[in-house]
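**Student:** Structure below; questions to follow.
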Amino acid sequence: MNGHYTVWANPGAVAGGAVTQTMASLPATFGPAPEERAGSADVVVIAGGFGWTAEATAATGSGARGIVVANPVPEDTSELAAAAGAAGTAVVLDLRWASNPALVGEAADPDARDAVRSALGTASLLDSVATAAPGSDPQRILGEHLAALLAVCGPFDGVARLNGNAAGYTVGGRLGNGAPFTAQGVLTAARPAGVDIRLYTADGGVAVQVPDPDAAWPAEVRVTGAHGELLLPTLYESAHRYAWRRLKEHLHAGTRPDDLAGFARLTDLYATLAAP
Amino acid sequence: MSHHAAPADRLLGVGILGAGPVTQAIHLPALARLQDILEVRHIMDVDPAVASSVAARVGATSSTGMDTLLGDPAVDIVAICSPHQFHADQVIAACRAGKKAVLCEKPFAMSGEEAARISAVSAETGVPIIVGAMHTFDPGWLAAEENWGDLPEQVHTIRSSIVLPPNARFEDFATEIITRPTAAQPDYSDIEVIKTALQGGVMGLAIHDLPLVRRFTPDFEQVELLHVFHVRPFGYTISLRTPSRTIELRAVMNSTWKPEWSFEAIADDTALHIDFTPSYVQAGSAVAAFSRGSGTERRSSVPTATTATRASGANWLNWPGEPGQFPPRRR
């Protein structure tokens with residue numbers, strides 16, 4: 001292997017995962033697999049609709065070295081994790097908002113997760129609003145929303161659905177220190193799709209705005225406290241590209257990401273909310 | 001120094017019931033900007049030292065009883081700035097005393113029964129009553145109202161979000177406060193303490209935006225309370241719904257230096273976002289922005305306007321941003 005990987009994407013993933021343009025931004029690493037070798041591509045891209053874990057599990061058996069799942073819905077990933085572990089396959093989840101590099105960046109970079117988690121001890125409220133286009137499935141938006149919150153904040157307690165209809169939802173629960181958290185989804189075309197996360201603390205807090213991954217719009221992370229307000233470094237890299245760049249690094253290093261372990265927490269939380 | 005534009009005998013005299021921090025930090029500075037039409041002539045407070053000290057600041061008479069103020073013929077207009085539980089009876093007494101008008105600080109009443117009693121007396125006596133719900137008089141809100149078209153019928157989601165430092169922060173930038181109520185450290189292990197705190201949050205803070213919420217909720221009478229969280233040290237999250245609306249209210253009072261007070265009314269293709277300035281300091285009016293799938297426009301008033309006192313002409317600003325993008329926040 002010379003560090004260049006062939007890619008095959010199923011049709012649903014091409015559009016949903018912005019595969020063509022994202023691959024084009026990493027041209028030295030990824031390129032489309034020739035038609036006749038589609039079944040033996042190095043990297044397989046799967047659309048994250050219902051049943052994606054079974055499809056990904058099958059891909060590990062076909063010898064794929066890497067799998068990208070575009071915007072996966074919450075599903076039990078235990079069988080896939082086991083298969084990927086046995087096959088040595090790197091599975092990267094390209095999550096609509098949670099994969100934004102401003103939320104969880106590379107080791108040395110300041111990111112929203114560090115900012116939020118260092119403030120959770122004095123949290124008085126976490127309030128988050130996700131915005132998506134009318135006609136979106138609120139249930140799917142909820143999964144994408146919770147994925148972003150889990151990435152930044154860690155686990156929640158006592159999460160319950162407080163409201164829900166065709167125009168959105170509200171869920172609520174508690175942070176580790178007992179402070180309340182609320183997450184609202186709103187379907188509208190009147191403002192850009194994205195997630196707004198506000199953590200309020202004793203003397204300020206953290207404000208995170210995450211855009212959709214359609215372009216390299218930067219997320220914004222602001223930490224407010226007695227010192228004033230700190231704007232964390234702005235990265236013009238979309239969630240799609242950051243997911244693919246992580247895959248590149250894992251393939252080059254021969255390591256495997258922990259995306260599936262993190263996603264299992266989302267699946268568990270989502271199941272809690274779906275229970276009658 | 002005098003700014004009077006009218007002869008003294010044509011000024012209307014104001015008497016204020018209650019001379020606490022709100023009177024000192026909000027009403028007296030606001031009235032100072034209306035010296036061409038109003039003159040503060042009588043200050044009443046149960047604490048005689050507070051009454052006399054605050055009255056001396058504006059050259060007014062002081063007293064410690066409501067009846068004395070209502071019996072003062074120099075008082076044409078009564079401002080009710082007392083604790084919430086006294087509002088209804090004092091408004092009614094002012095109407096029956098034959099005053100020309102009454103301004104009642106929010107909340108107007110603590111129950112529907114109180115509100116009905118006030119309404120009946122106002123109708124009987126013909127005395128007009130203005131409620132000091134400041135956001136409903138904010139030029140930014142009024143400019144939005146002039147331009148929202150059929151948005152109130154289209155909205156499906158309404159949000160009010162308030163982040164403020166303790167009141168004392170802004171009181172001290174608005175005036176020099178004398179005497180401030182002291183509060184003991186609350187015992188939040190007692191559910192009754194939490195209930196009281198939440199009632200205070202609704203009647204003292206959420207009440208500012210509830211009239212705005214109502215303007216966008218035609219089926220408000222069918223409102224259903226879904227969930228409430230108490231936020232420490234002071235605040236709330238309140239989830240409400242009606243058959244046609246989702247209503248979410250948030251408030252946090254902490255030690256932040258950065259206040260944020262926003263109101264949003266959101267429909268499928270259009271949304272109204274209003275950023276209000278904090279109470280107490282005269283920091284100009286709100287800025288309202290309409291955003292649509294096809295772009296964003298801002299509506300605001302002149303930035304020196306006093307939020308709750310004078311609705312100046314709107315100054316229209318067009319935001320030349322990209323479709324779907326918000327204008328920069330004015331912070």
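Within each chain, counting starts at residue 1; across the structure tokens, chains are named A, B, ... in the order shown, with ligands numbered 1 upward in that order.
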Enumerate, in order of chain and increasing residue number, the residues of chain A with an atom no farther than 9 Å from chain B, each with its shortest atom pair and distance in Å to one decimal, counting only C-alpha atoms, as a tab-separated table.

**Tutor:**
residue	atom	partner	partner_atom	distance
A:Ser124	CA	B:Arg232	CA	5.8
A:Leu125	CA	B:Val231	CA	6.5
A:Asp127	CA	B:Arg250	CA	8.2
A:Ala133	CA	B:Asp268	CA	8.2
A:Pro134	CA	B:Asp268	CA	6.2
A:Leu162	CA	B:Leu226	CA	6.5
A:Asn163	CA	B:Leu226	CA	7.4
A:Gly164	CA	B:Thr246	CA	8.7
A:Asn165	CA	B:Thr246	CA	8.8
A:Ala167	CA	B:His156	CA	6.9
A:Gly168	CA	B:Thr157	CA	8.5
A:Tyr169	CA	B:Thr246	CA	8.7
A:Thr170	CA	B:Ser239	CA	8.0
A:Gly172	CA	B:His227	CA	8.9
A:Ala179	CA	B:Val231	CA	7.0
A:Pro180	CA	B:Phe229	CA	6.5
A:Phe181	CA	B:Phe229	CA	8.7
A:Thr182	CA	B:Thr237	CA	7.9
A:Gln184	CA	B:Glu248	CA	8.6
A:Val186	CA	B:Thr157	CA	7.3
A:Leu187	CA	B:Asp268	CA	6.7
A:Thr188	CA	B:Asp268	CA	4.4
A:Ala189	CA	B:Asp269	CA	4.9
A:Ala190	CA	B:Arg292	CA	4.2
A:Arg191	CA	B:Gly324	CA	5.3
A:Pro192	CA	B:Gly324	CA	5.7
A:Tyr200	CA	B:Val252	CA	7.6
A:Thr201	CA	B:Asn254	CA	7.3
A:Ala202	CA	B:Asn254	CA	5.4
A:Asp203	CA	B:Thr256	CA	4.4
A:Gly204	CA	B:Thr256	CA	4.6
A:Gly205	CA	B:Thr256	CA	8.2
A:Thr224	CA	B:Thr256	CA	8.0
A:Gly225	CA	B:Thr256	CA	6.8
A:Ala226	CA	B:Thr256	CA	7.5
A:Gly228	CA	B:Trp257	CA	8.1

**Student:** Restricting the output to N, CA and C atoms, write the selected residues as a short mmCIF file (atom, residue, chain, number, x, y, z; two decimals), in the first residue's frame.

**Tutor:**
data_model
loop_
_atom_site.label_atom_id
_atom_site.label_comp_id
_atom_site.auth_asym_id
_atom_site.auth_seq_id
_atom_site.Cartn_x
_atom_site.Cartn_y
_atom_site.Cartn_z
N SER A 124 -24.92 25.53 35.90
CA SER A 124 -26.25 25.72 36.45
C SER A 124 -27.33 25.33 35.44
N LEU A 125 -26.99 25.33 34.15
CA LEU A 125 -27.95 24.93 33.12
C LEU A 125 -27.21 24.68 31.82
N ASP A 127 -28.42 24.42 27.95
CA ASP A 127 -29.58 24.63 27.08
C ASP A 127 -29.11 24.56 25.64
N ALA A 133 -34.22 21.91 8.59
CA ALA A 133 -35.20 22.37 7.61
C ALA A 133 -36.57 21.74 7.86
N PRO A 134 -37.64 22.48 7.53
CA PRO A 134 -38.97 21.88 7.61
C PRO A 134 -39.03 20.62 6.75
N LEU A 162 -39.90 15.75 26.74
CA LEU A 162 -40.86 16.66 27.35
C LEU A 162 -41.94 17.10 26.39
N ASN A 163 -41.62 17.09 25.09
CA ASN A 163 -42.60 17.55 24.10
C ASN A 163 -42.13 17.06 22.73
N GLY A 164 -43.05 16.95 21.82
CA GLY A 164 -42.68 16.56 20.48
C GLY A 164 -43.86 16.69 19.53
N ASN A 165 -43.57 17.20 18.33
CA ASN A 165 -44.59 17.28 17.29
C ASN A 165 -43.86 17.39 15.94
N ALA A 167 -43.09 19.86 14.29
CA ALA A 167 -42.22 21.03 14.16
C ALA A 167 -41.01 20.96 15.07
N GLY A 168 -40.88 19.88 15.86
CA GLY A 168 -39.70 19.80 16.71
C GLY A 168 -39.91 18.93 17.93
N TYR A 169 -39.06 19.12 18.92
CA TYR A 169 -39.12 18.31 20.14
C TYR A 169 -38.43 19.08 21.25
N THR A 170 -38.67 18.64 22.48
CA THR A 170 -37.90 19.09 23.63
C THR A 170 -37.62 17.88 24.51
N GLY A 172 -35.33 16.74 28.15
CA GLY A 172 -34.69 17.33 29.32
C GLY A 172 -34.09 16.25 30.20
N ALA A 179 -27.45 19.75 37.75
CA ALA A 179 -28.04 20.90 37.05
C ALA A 179 -28.88 20.40 35.88
N PRO A 180 -29.95 21.11 35.54
CA PRO A 180 -30.80 20.66 34.44
C PRO A 180 -30.16 20.87 33.07
N PHE A 181 -30.59 20.04 32.13
CA PHE A 181 -30.25 20.29 30.73
C PHE A 181 -31.50 20.13 29.90
N THR A 182 -31.60 20.95 28.87
CA THR A 182 -32.71 20.86 27.93
C THR A 182 -32.16 20.90 26.51
N GLN A 184 -33.75 21.32 22.59
CA GLN A 184 -34.93 21.57 21.77
C GLN A 184 -34.57 21.47 20.30
N VAL A 186 -35.94 22.50 16.47
CA VAL A 186 -36.88 23.39 15.80
C VAL A 186 -36.72 23.22 14.30
N LEU A 187 -37.81 22.97 13.61
CA LEU A 187 -37.74 22.84 12.16
C LEU A 187 -38.18 24.16 11.52
N THR A 188 -37.27 24.78 10.83
CA THR A 188 -37.56 26.04 10.16
C THR A 188 -36.52 26.28 9.07
N ALA A 189 -36.95 26.99 8.03
CA ALA A 189 -36.00 27.40 6.99
C ALA A 189 -35.52 28.83 7.23
N ALA A 190 -36.01 29.43 8.31
CA ALA A 190 -35.74 30.84 8.54
C ALA A 190 -34.36 31.10 9.11
N ARG A 191 -33.70 30.10 9.54
CA ARG A 191 -32.34 30.31 10.02
C ARG A 191 -31.50 29.10 9.66
N PRO A 192 -30.19 29.27 9.65
CA PRO A 192 -29.34 28.19 9.18
C PRO A 192 -29.45 26.96 10.07
N TYR A 200 -24.29 27.29 31.04
CA TYR A 200 -24.22 28.44 31.94
C TYR A 200 -23.60 28.00 33.26
N THR A 201 -22.64 28.78 33.73
CA THR A 201 -21.96 28.45 34.97
C THR A 201 -22.14 29.60 35.97
N ALA A 202 -21.42 29.49 37.08
CA ALA A 202 -21.59 30.50 38.13
C ALA A 202 -21.22 31.89 37.66
N ASP A 203 -20.24 32.01 36.78
CA ASP A 203 -19.82 33.35 36.39
C ASP A 203 -19.71 33.54 34.87
N GLY A 204 -20.35 32.69 34.11
CA GLY A 204 -20.30 32.83 32.65
C GLY A 204 -20.75 31.56 31.99
N GLY A 205 -19.88 30.96 31.20
CA GLY A 205 -20.25 29.71 30.57
C GLY A 205 -19.55 29.50 29.25
N THR A 224 -16.90 32.23 28.32
CA THR A 224 -17.10 33.49 29.04
C THR A 224 -16.89 33.27 30.53
N GLY A 225 -16.16 34.17 31.14
CA GLY A 225 -15.92 34.08 32.58
C GLY A 225 -15.42 35.40 33.10
N ALA A 226 -14.89 35.37 34.29
CA ALA A 226 -14.41 36.61 34.89
C ALA A 226 -13.30 37.23 34.05
N GLY A 228 -13.29 37.58 30.93
CA GLY A 228 -13.83 38.19 29.71
C GLY A 228 -14.40 37.10 28.83
#

**Student:** Using only C-alpha atoms, which residues sit within 6 Å of Trp261 of chain B once same-chain residues fewer than 5 positions away are excluded, as a PyMOL selection string?

**Tutor:** chain B and resi 161-162+275-276

**Student:** Please write the residues from the selection above to a file, keeping N, CA and C atoms, as a PDB file, in the first residue's frame.

**Tutor:**
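And here's result-v5.pdb as it stands now:
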ATOM      1  N   SER B 161     -35.333  33.619  26.270  1.00  0.00           N
ATOM      2  CA  SER B 161     -34.102  33.195  26.957  1.00  0.00           C
ATOM      3  C   SER B 161     -33.471  34.411  27.641  1.00  0.00           C
ATOM      4  N   ILE B 162     -33.262  34.285  28.941  1.00  0.00           N
ATOM      5  CA  ILE B 162     -32.790  35.425  29.736  1.00  0.00           C
ATOM      6  C   ILE B 162     -31.560  35.004  30.533  1.00  0.00           C
ATOM      7  N   ASP B 275     -33.264  40.916  20.394  1.00  0.00           N
ATOM      8  CA  ASP B 275     -32.312  41.028  21.496  1.00  0.00           C
ATOM      9  C   ASP B 275     -32.683  42.254  22.313  1.00  0.00           C
ATOM     10  N   PHE B 276     -33.049  42.017  23.563  1.00  0.00           N
ATOM     11  CA  PHE B 276     -33.379  43.120  24.463  1.00  0.00           C
ATOM     12  C   PHE B 276     -32.155  43.521  25.272  1.00  0.00           C
TER      13      PHE B 276
END

**Student:** Pick the closest to Val78 of chain B from B:Ile130, B:Ala94, B:Leu31, B:Ile194: which is it, counting only C-alpha atoms?

**Tutor:** B:Ala94

**Student:** Can you measure atom CA of Pro29 of chain B to atom CA of Ser122 of chain B for me? One decimal in Å is fine.

**Tutor:**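 According to the coordinates, atom CA of Pro29 of chain B and atom CA of Ser122 of chain B are separated by 27.8 Å.
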
**Student:** Skipping near chain neighbours, those fewer than 6 positions away, what residues fall within 8 Å of Ala243 of chain A using only C-alpha atoms, listed as an MDAnalysis selection string?

**Tutor:** chainID A and resid 92:94 99

**Student:** Enter the distance from atom CA of Asp111 of chain A to atom CA of Leu142 of chain A, in Å, rounded to one decimal.

**Tutor:**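 Value for the atom CA of Asp111 of chain A-atom CA of Leu142 of chain A distance: 22.7 Å.
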
**Student:** Which parts of segment 196-270 of chain A does DSSP call helix (DSSP H, G or I) when run on the backbone here, written out as a list in words?

**Tutor:**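 Secondary structure check on segment 196-270 of chain A, helix (DSSP H, G or I): Ala239, His240, Arg241, Tyr242, Ala243, Trp244, Arg245, Arg246, Leu247, Lys248, Glu249, His250, Leu251, His252, Ala253, Asp259, Leu260, Ala261, Gly262, Phe263, Ala264, Arg265, Leu266, Thr267, Asp268, Leu269 and Tyr270 of chain A.
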
**Student:** What does the distance between atom CA of Met66 of chain B and atom CA of Pro48 of chain B come to in Å, to one decimal place?

**Tutor:**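 Separation of atom CA of Met66 of chain B and atom CA of Pro48 of chain B: 12.6 Å.
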
**Student:** Please run DSSP on the backbone and report, as a PyMOL selection string, all residues within segment 3-107 of chain A that come out as strand (DSSP E or B).

**Tutor:** chain A and resi 5-9+30-32+43-47+66-70+90-94

**Student:** Which residue, A:Glu106, A:Asp42, A:Asp196, A:Glu79, has the smallest gap to Glu220 of chain A when you use only C-alpha atoms?

**Tutor:**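 Closest candidate: A:Asp196.
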
**Student:** Please list as a list of chain:residue names every residue within 7 Å of segment 97-103 of chain B, counting only C-alpha atoms and excluding residues in the same chain fewer than 2 positions away.

**Tutor:**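 So the residues in contact are B:Leu70, B:Asp76, B:Ile77, B:Val78, B:Ala79, B:Ile80, B:Val91, B:Ala93, B:Ala94, B:Cys95, B:Glu105, B:Val127, B:Pro128, B:Ile129, B:Ile130, B:Val131, B:Gly132.
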
**Student:** List the neighbours of Thr255 of chain A out to 12 Å using only C-alpha atoms; skip same-chain residues closer than 6 positions along the sequence, and give me the result as a list of chain:residue names.

**Tutor:**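 What passes the distance filter is A:Arg65, A:Gly66, A:Ala84, A:Gly85, A:Gly88, A:Thr89, A:Ala90, A:Val91, A:Val92, A:Arg246, A:Leu247, A:Lys248, A:Glu249.
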
**Student:** For a quick check of understanding, using only C-alpha atoms, which of B:Leu225, B:Ile177, B:Ala283, B:Ala206 has the smallest distance to Ser160 of chain B?

**Tutor:**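 With only C-alpha atoms as the atom set, the closest residue is B:Ala206.
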
**Student:** Looking at A:Ala54, A:Ala166, A:Val69, A:Val19, which one is nearest to Gln139 of chain A, with distances taken over only C-alpha atoms?

**Tutor:**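 Closest residue, counting only C-alpha atoms: A:Ala166.
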